[in-house]
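Read through the structure below, which is laid out as structure tokens, and then see the notes.
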Amino acid sequence: MSVDPEHVSASGRTRSQRPHASHGEIADELRSRIRSGVLRPGQRMPTQAELAVEFGVERGAVRQALRILQSEHLLTNVSRGSPATVAAGPSPARPAAGPTVPPQPTMVGLAPRIAAAFAAPHVEVDAICLTSVSLTLAMGEPLRQIHAGRLEPAKIDVRVLLPSRDIDLAFPAPVGADDGGRLHRRWLTQRNAQGMVLRQNLLALRTTHGIDVRVSFRALPFTPPVKLYLLNGVEALFAYYTLGRREREIDHEHLQLYDADGTRSMLFAFVQGAGLRDTTFVEQSHLWFNALWETISSDLVLTS
């Protein structure tokens, strides 16, 4: 959103010429003010009501924009009540994201993005994957920071879509002869074990820290060819499951199979507000995930 000098108020805020700006445009404009020094570190932001009037939008759009900037560590104390505050400065530990950042292996890129998402008061993580092993491992870092007192979310909502136990998986799959269901049983054991660890680790925060935690699983009637992680409504991390021919020892026998190493899948990061491509990808990914969750998925019980 460009700024015409004739439409800048004495406080440095823009009197928007464009009614009904999107939350992405609002985030772009406020980000520009912060980075240009119009809004200084430690300065309190205008109230959400003032920003809503300025940009000609409902407060919900303003809140979404502020949450984008909070996820980028540009703002702190974003809530429905008092005005947010411009962050004191960029955190050296904050991982980069956006269109200029190259893809990274899942276990390199996922953990720092999950930890950054846990800086928000209300953490929302949606995932679709073959098993939750990468997500479970990545949760270790924010859990350590919570126990160390460096992160203090008030609410955590996690939703995970996994393949149903009742389908024939496209992969892992044996090469050639039937394996008697051994690969399916091995995958199911891992799916359930990792899911239960993830759920137990998060639900334990209710007792130890009084955090409102909800963890939900649903089953898909197909094998997902990709993995997707959606963080706080503002970030999407996407990776392909790239299949290869591998050898595994199962039940003391070496089997040839087609499989993918999900922890090494290259993860592409998209951030809402980082441009039209990123914003559209994040929004469409949420629509896709919610459509699967609400239509063809079914209840999933993590038992063998």
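We label chains A, B, ... in the order they appear in the structure tokens, count residues from 1 in each chain, and number ligands from 1 in the order shown.
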
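Once Val86 of chain A and its same-chain neighbours fewer than 2 positions away are set aside, Pro41, Gly42, Gln43 and Leu75 of chain A remain within 6 Å of it when counting only C-alpha atoms.
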
Those same residues - N, CA and C atoms - I'd like them written as a PDB file, in the first residue's frame.
ATOM      1  N   PRO A  41      10.704   1.369  18.166  1.00  0.00           N
ATOM      2  CA  PRO A  41      10.737   0.293  19.168  1.00  0.00           C
ATOM      3  C   PRO A  41      10.268   0.782  20.531  1.00  0.00           C
ATOM      4  N   GLY A  42       9.370  -0.001  21.133  1.00  0.00           N
ATOM      5  CA  GLY A  42       8.829   0.357  22.436  1.00  0.00           C
ATOM      6  C   GLY A  42       7.609   1.250  22.392  1.00  0.00           C
ATOM      7  N   GLN A  43       7.301   1.794  21.212  1.00  0.00           N
ATOM      8  CA  GLN A  43       6.160   2.702  21.083  1.00  0.00           C
ATOM      9  C   GLN A  43       4.859   1.913  21.061  1.00  0.00           C
ATOM     10  N   LEU A  75       5.776  -6.909  16.611  1.00  0.00           N
ATOM     11  CA  LEU A  75       4.888  -6.386  17.646  1.00  0.00           C
ATOM     12  C   LEU A  75       4.833  -7.345  18.825  1.00  0.00           C
TER      13      LEU A  75
END

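Backbone DSSP over segment 62-139 of chain A yields strand (DSSP E) at Leu75, Thr76, Thr85, Val86, Gln104, Pro105, His122, Val123, Glu124, Val125, Asp126, Ala127 and Ile128 of chain A.
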
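Candidate residues A:Thr295, A:Leu161, A:Asp28, A:Leu135 were compared for distance to Gln194 of chain A, and the nearest is A:Leu135, using only C-alpha atoms.
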
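If you count only C-alpha atoms and ignore residues fewer than 5 places along the chain from Pro221 of chain A, what sits within 12 Å of it is Leu130, Leu161, Leu162, Pro163, Ser164, Arg165, Asp166, Ile167, Asp168, Leu169, Ala170, Leu292, Trp293, Thr295, Ile296, Ser297, Ser298, Asp299 and Leu300 of chain A.
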
Take the residues from that selection and put them in a file with N, CA and C atoms, as a short mmCIF file (atom, residue, chain, number, x, y, z; two decimals), in the first residue's frame.
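Produced file selection17.cif, reproduced below:
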data_model
loop_
_atom_site.label_atom_id
_atom_site.label_comp_id
_atom_site.auth_asym_id
_atom_site.auth_seq_id
_atom_site.Cartn_x
_atom_site.Cartn_y
_atom_site.Cartn_z
N LEU A 130 1.88 -37.90 6.71
CA LEU A 130 1.77 -39.36 6.71
C LEU A 130 1.80 -39.92 8.12
N LEU A 161 -4.30 -34.09 10.51
CA LEU A 161 -4.94 -35.03 9.58
C LEU A 161 -3.91 -36.09 9.20
N LEU A 162 -4.27 -37.36 9.41
CA LEU A 162 -3.41 -38.50 9.10
C LEU A 162 -4.19 -39.52 8.28
N PRO A 163 -3.51 -40.38 7.51
CA PRO A 163 -4.24 -41.39 6.74
C PRO A 163 -4.99 -42.37 7.65
N SER A 164 -6.13 -42.81 7.18
CA SER A 164 -6.91 -43.80 7.91
C SER A 164 -6.21 -45.15 7.93
N ARG A 165 -6.40 -45.89 9.00
CA ARG A 165 -5.86 -47.24 9.08
C ARG A 165 -6.55 -48.21 8.13
N ASP A 166 -7.72 -47.82 7.62
CA ASP A 166 -8.54 -48.73 6.82
C ASP A 166 -8.26 -48.67 5.33
N ILE A 167 -7.29 -47.84 4.91
CA ILE A 167 -7.01 -47.73 3.47
C ILE A 167 -5.75 -48.51 3.11
N ASP A 168 -5.62 -48.81 1.83
CA ASP A 168 -4.37 -49.35 1.31
C ASP A 168 -3.46 -48.16 0.98
N LEU A 169 -2.37 -48.03 1.73
CA LEU A 169 -1.49 -46.89 1.54
C LEU A 169 -0.82 -46.94 0.17
N ALA A 170 -0.71 -45.77 -0.46
CA ALA A 170 0.06 -45.68 -1.70
C ALA A 170 1.55 -45.87 -1.41
N LEU A 292 -11.08 -30.47 4.07
CA LEU A 292 -10.82 -31.87 4.37
C LEU A 292 -11.29 -32.23 5.77
N TRP A 293 -11.01 -31.36 6.72
CA TRP A 293 -11.36 -31.61 8.13
C TRP A 293 -12.87 -31.74 8.30
N THR A 295 -15.24 -32.36 5.88
CA THR A 295 -16.03 -33.16 4.94
C THR A 295 -15.65 -34.64 4.96
N ILE A 296 -14.60 -35.03 4.25
CA ILE A 296 -14.34 -36.46 4.04
C ILE A 296 -13.49 -37.11 5.10
N SER A 297 -12.94 -36.36 6.04
CA SER A 297 -12.18 -36.99 7.12
C SER A 297 -13.13 -37.59 8.14
N SER A 298 -12.60 -38.49 8.97
CA SER A 298 -13.44 -39.19 9.96
C SER A 298 -12.70 -39.26 11.29
N ASP A 299 -13.40 -39.68 12.33
CA ASP A 299 -12.79 -39.77 13.65
C ASP A 299 -11.59 -40.71 13.61
N LEU A 300 -10.54 -40.34 14.32
CA LEU A 300 -9.34 -41.17 14.38
C LEU A 300 -9.04 -41.51 15.82
#

Go through A:Arg31, A:Arg218, A:Ala154, A:Met139 one by one, measure the shortest atom-to-atom distance of each to Arg206 of chain A using only C-alpha atoms, and give the residue with the smallest value.
A:Ala154

Å distance separating atom CA of Gly176 of chain A from atom CA of Tyr258 of chain A, one decimal place
10.2 Å

Which residues come within 7 Å of segment 47-50 of chain A, counting only C-alpha atoms, excluding same-chain residues fewer than 6 positions away, as a list in words?
Arg59, Val62 and Pro83 of chain A

Saved selection, atoms kept: N, CA and C atoms, as a PDB file, in the first residue's frame:
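Output saved as part.pdb:
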ATOM      1  N   ARG A  59     -12.694  -4.457  12.934  1.00  0.00           N
ATOM      2  CA  ARG A  59     -11.576  -4.713  13.844  1.00  0.00           C
ATOM      3  C   ARG A  59     -10.954  -6.090  13.607  1.00  0.00           C
ATOM      4  N   VAL A  62      -8.067  -5.821  11.337  1.00  0.00           N
ATOM      5  CA  VAL A  62      -6.937  -5.208  12.039  1.00  0.00           C
ATOM      6  C   VAL A  62      -6.246  -6.241  12.919  1.00  0.00           C
ATOM      7  N   PRO A  83      -3.552  -1.588  23.442  1.00  0.00           N
ATOM      8  CA  PRO A  83      -2.834  -1.525  22.161  1.00  0.00           C
ATOM      9  C   PRO A  83      -1.551  -2.344  22.184  1.00  0.00           C
TER      10      PRO A  83
END

With distances taken over only C-alpha atoms, which of A:His209, A:Arg40, A:Arg144, A:His286 is nearest to Gly233 of chain A?
A:His286

Would you please extract all alpha helix (DSSP H) residues from segment 120-202 of chain A, as assigned by DSSP on the backbone, and give them as a PyMOL selection string?
chain A and resi 133-138+140-147+182-202

Take the residues from that selection and write them out as a PDB file, in the first residue's frame, keeping C-alpha atoms.
ATOM      1  CA  VAL A 133       6.936 -37.770  13.557  1.00  0.00           C
ATOM      2  CA  SER A 134       8.321 -34.460  12.200  1.00  0.00           C
ATOM      3  CA  LEU A 135       5.719 -32.434  14.078  1.00  0.00           C
ATOM      4  CA  THR A 136       6.319 -34.346  17.314  1.00  0.00           C
ATOM      5  CA  LEU A 137      10.069 -33.776  17.074  1.00  0.00           C
ATOM      6  CA  ALA A 138       9.638 -30.094  16.173  1.00  0.00           C
ATOM      7  CA  GLY A 140      10.326 -30.344  21.465  1.00  0.00           C
ATOM      8  CA  GLU A 141      11.852 -26.848  21.138  1.00  0.00           C
ATOM      9  CA  PRO A 142       8.781 -24.780  22.127  1.00  0.00           C
ATOM     10  CA  LEU A 143       8.029 -27.246  24.931  1.00  0.00           C
ATOM     11  CA  ARG A 144      11.542 -26.711  26.309  1.00  0.00           C
ATOM     12  CA  GLN A 145      11.101 -22.950  26.091  1.00  0.00           C
ATOM     13  CA  ILE A 146       7.744 -23.113  27.876  1.00  0.00           C
ATOM     14  CA  HIS A 147       9.242 -25.164  30.699  1.00  0.00           C
ATOM     15  CA  ARG A 182       3.899 -55.936   7.478  1.00  0.00           C
ATOM     16  CA  LEU A 183       4.566 -52.460   6.065  1.00  0.00           C
ATOM     17  CA  HIS A 184       1.036 -51.334   6.911  1.00  0.00           C
ATOM     18  CA  ARG A 185       1.318 -52.616  10.482  1.00  0.00           C
ATOM     19  CA  ARG A 186       4.699 -50.912  10.892  1.00  0.00           C
ATOM     20  CA  TRP A 187       3.319 -47.596   9.586  1.00  0.00           C
ATOM     21  CA  LEU A 188       0.215 -47.861  11.784  1.00  0.00           C
ATOM     22  CA  THR A 189       2.302 -48.500  14.888  1.00  0.00           C
ATOM     23  CA  GLN A 190       4.418 -45.447  14.138  1.00  0.00           C
ATOM     24  CA  ARG A 191       1.387 -43.271  13.315  1.00  0.00           C
ATOM     25  CA  ASN A 192      -0.272 -44.132  16.615  1.00  0.00           C
ATOM     26  CA  ALA A 193       2.859 -43.935  18.766  1.00  0.00           C
ATOM     27  CA  GLN A 194       3.940 -40.546  17.444  1.00  0.00           C
ATOM     28  CA  GLY A 195       0.418 -39.166  17.686  1.00  0.00           C
ATOM     29  CA  MET A 196       0.058 -40.285  21.294  1.00  0.00           C
ATOM     30  CA  VAL A 197       3.433 -38.767  22.244  1.00  0.00           C
ATOM     31  CA  LEU A 198       2.450 -35.476  20.603  1.00  0.00           C
ATOM     32  CA  ARG A 199      -0.895 -35.403  22.387  1.00  0.00           C
ATOM     33  CA  GLN A 200       0.484 -36.374  25.787  1.00  0.00           C
ATOM     34  CA  ASN A 201       3.325 -33.833  25.658  1.00  0.00           C
ATOM     35  CA  LEU A 202       0.947 -31.004  24.836  1.00  0.00           C
TER      36      LEU A 202
END

Could you name the residues that touch Gln70 of chain A at 10 Å or less, counting only C-alpha atoms, but leaving out those on the same chain fewer than 2 positions away, as a ChimeraX atom specification?
/A:64-68,72-78,84-87,116-117,119-121

Output of the above residues as a PDB file, in the first residue's frame, restricted to C-alpha atoms:
ATOM      1  CA  GLN A  64      -5.372 -10.394  11.738  1.00  0.00           C
ATOM      2  CA  ALA A  65      -2.838  -7.827  10.516  1.00  0.00           C
ATOM      3  CA  LEU A  66      -1.456  -7.315  14.027  1.00  0.00           C
ATOM      4  CA  ARG A  67      -1.111 -11.069  14.517  1.00  0.00           C
ATOM      5  CA  ILE A  68       0.895 -11.290  11.291  1.00  0.00           C
ATOM      6  CA  GLU A  72       7.193 -11.773  12.623  1.00  0.00           C
ATOM      7  CA  HIS A  73       8.297 -10.466  16.051  1.00  0.00           C
ATOM      8  CA  LEU A  74       7.640  -6.860  15.041  1.00  0.00           C
ATOM      9  CA  LEU A  75       4.888  -6.386  17.646  1.00  0.00           C
ATOM     10  CA  THR A  76       4.253  -7.607  21.169  1.00  0.00           C
ATOM     11  CA  ASN A  77       1.188  -7.723  23.452  1.00  0.00           C
ATOM     12  CA  VAL A  78      -1.333  -8.176  20.646  1.00  0.00           C
ATOM     13  CA  ALA A  84       0.079  -3.582  20.876  1.00  0.00           C
ATOM     14  CA  THR A  85       3.661  -2.414  21.322  1.00  0.00           C
ATOM     15  CA  VAL A  86       6.393  -2.188  18.699  1.00  0.00           C
ATOM     16  CA  ALA A  87       8.992  -4.820  19.549  1.00  0.00           C
ATOM     17  CA  ALA A 116       8.326 -18.754  16.729  1.00  0.00           C
ATOM     18  CA  ALA A 117       4.600 -19.521  16.441  1.00  0.00           C
ATOM     19  CA  ALA A 119       5.345 -16.742  20.984  1.00  0.00           C
ATOM     20  CA  ALA A 120       1.684 -15.886  20.271  1.00  0.00           C
ATOM     21  CA  PRO A 121      -0.854 -15.924  23.128  1.00  0.00           C
TER      22      PRO A 121
END

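Proximity to Leu39 of chain A was assessed for A:Val57, A:Cys129, A:Met107, A:Ala88 counting only C-alpha atoms; the smallest distance is recorded for A:Ala88.
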
Between atom CA of Pro103 of chain A and atom CA of Glu124 of chain A, what is the distance in Å, rounded to a tenth?
22.4 Å

Of the residues A:Gly180, A:Gly109, A:Pro172, A:Gly244, which is the one nearest to Tyr229 of chain A, using only C-alpha atoms?
A:Gly109

One decimal, in Å: what's the spacing between atom CA of Ile114 of chain A and atom CA of Trp288 of chain A?
20.6 Å

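Residues surrounding Ala204 of chain A within 10 Å are Gly210, Ile211 and Val213 of chain A [only C-alpha atoms; sequence separation below 6 positions excluded].
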
Convert the current residue selection to file output with C-alpha atoms, as a PDB file, in the first residue's frame.
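Listing of result.pdb after writing:
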ATOM      1  CA  GLY A 210      -2.372 -24.120  33.277  1.00  0.00           C
ATOM      2  CA  ILE A 211      -2.445 -23.684  29.496  1.00  0.00           C
ATOM      3  CA  VAL A 213      -4.697 -27.116  25.253  1.00  0.00           C
TER       4      VAL A 213
END

Mind checking which residues fall within 7 Å of Val215 of chain A, counting only C-alpha atoms, ignoring those fewer than 6 positions away in the same chain, and posting them as a VMD selection string?
chain A and resid 157 to 159 199

Please dump the current selection as a compact mmCIF listing (two decimals), in the first residue's frame; keep N, CA, C and O atoms.
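Printed below is again-v1.txt as written:
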# COMPACT_ATOMS: atom_id res chain seq x y z
N ASP A 157 -4.09 -24.79 20.22
CA ASP A 157 -5.00 -25.65 19.46
C ASP A 157 -4.20 -26.34 18.36
O ASP A 157 -3.58 -25.67 17.52
N VAL A 158 -4.19 -27.66 18.36
CA VAL A 158 -3.47 -28.43 17.35
C VAL A 158 -4.44 -29.40 16.69
O VAL A 158 -5.16 -30.15 17.37
N ARG A 159 -4.49 -29.38 15.35
CA ARG A 159 -5.31 -30.31 14.58
C ARG A 159 -4.41 -31.04 13.59
O ARG A 159 -3.60 -30.41 12.91
N ARG A 199 0.26 -35.78 21.57
CA ARG A 199 -0.90 -35.40 22.39
C ARG A 199 -0.55 -35.34 23.86
O ARG A 199 -0.89 -34.37 24.56
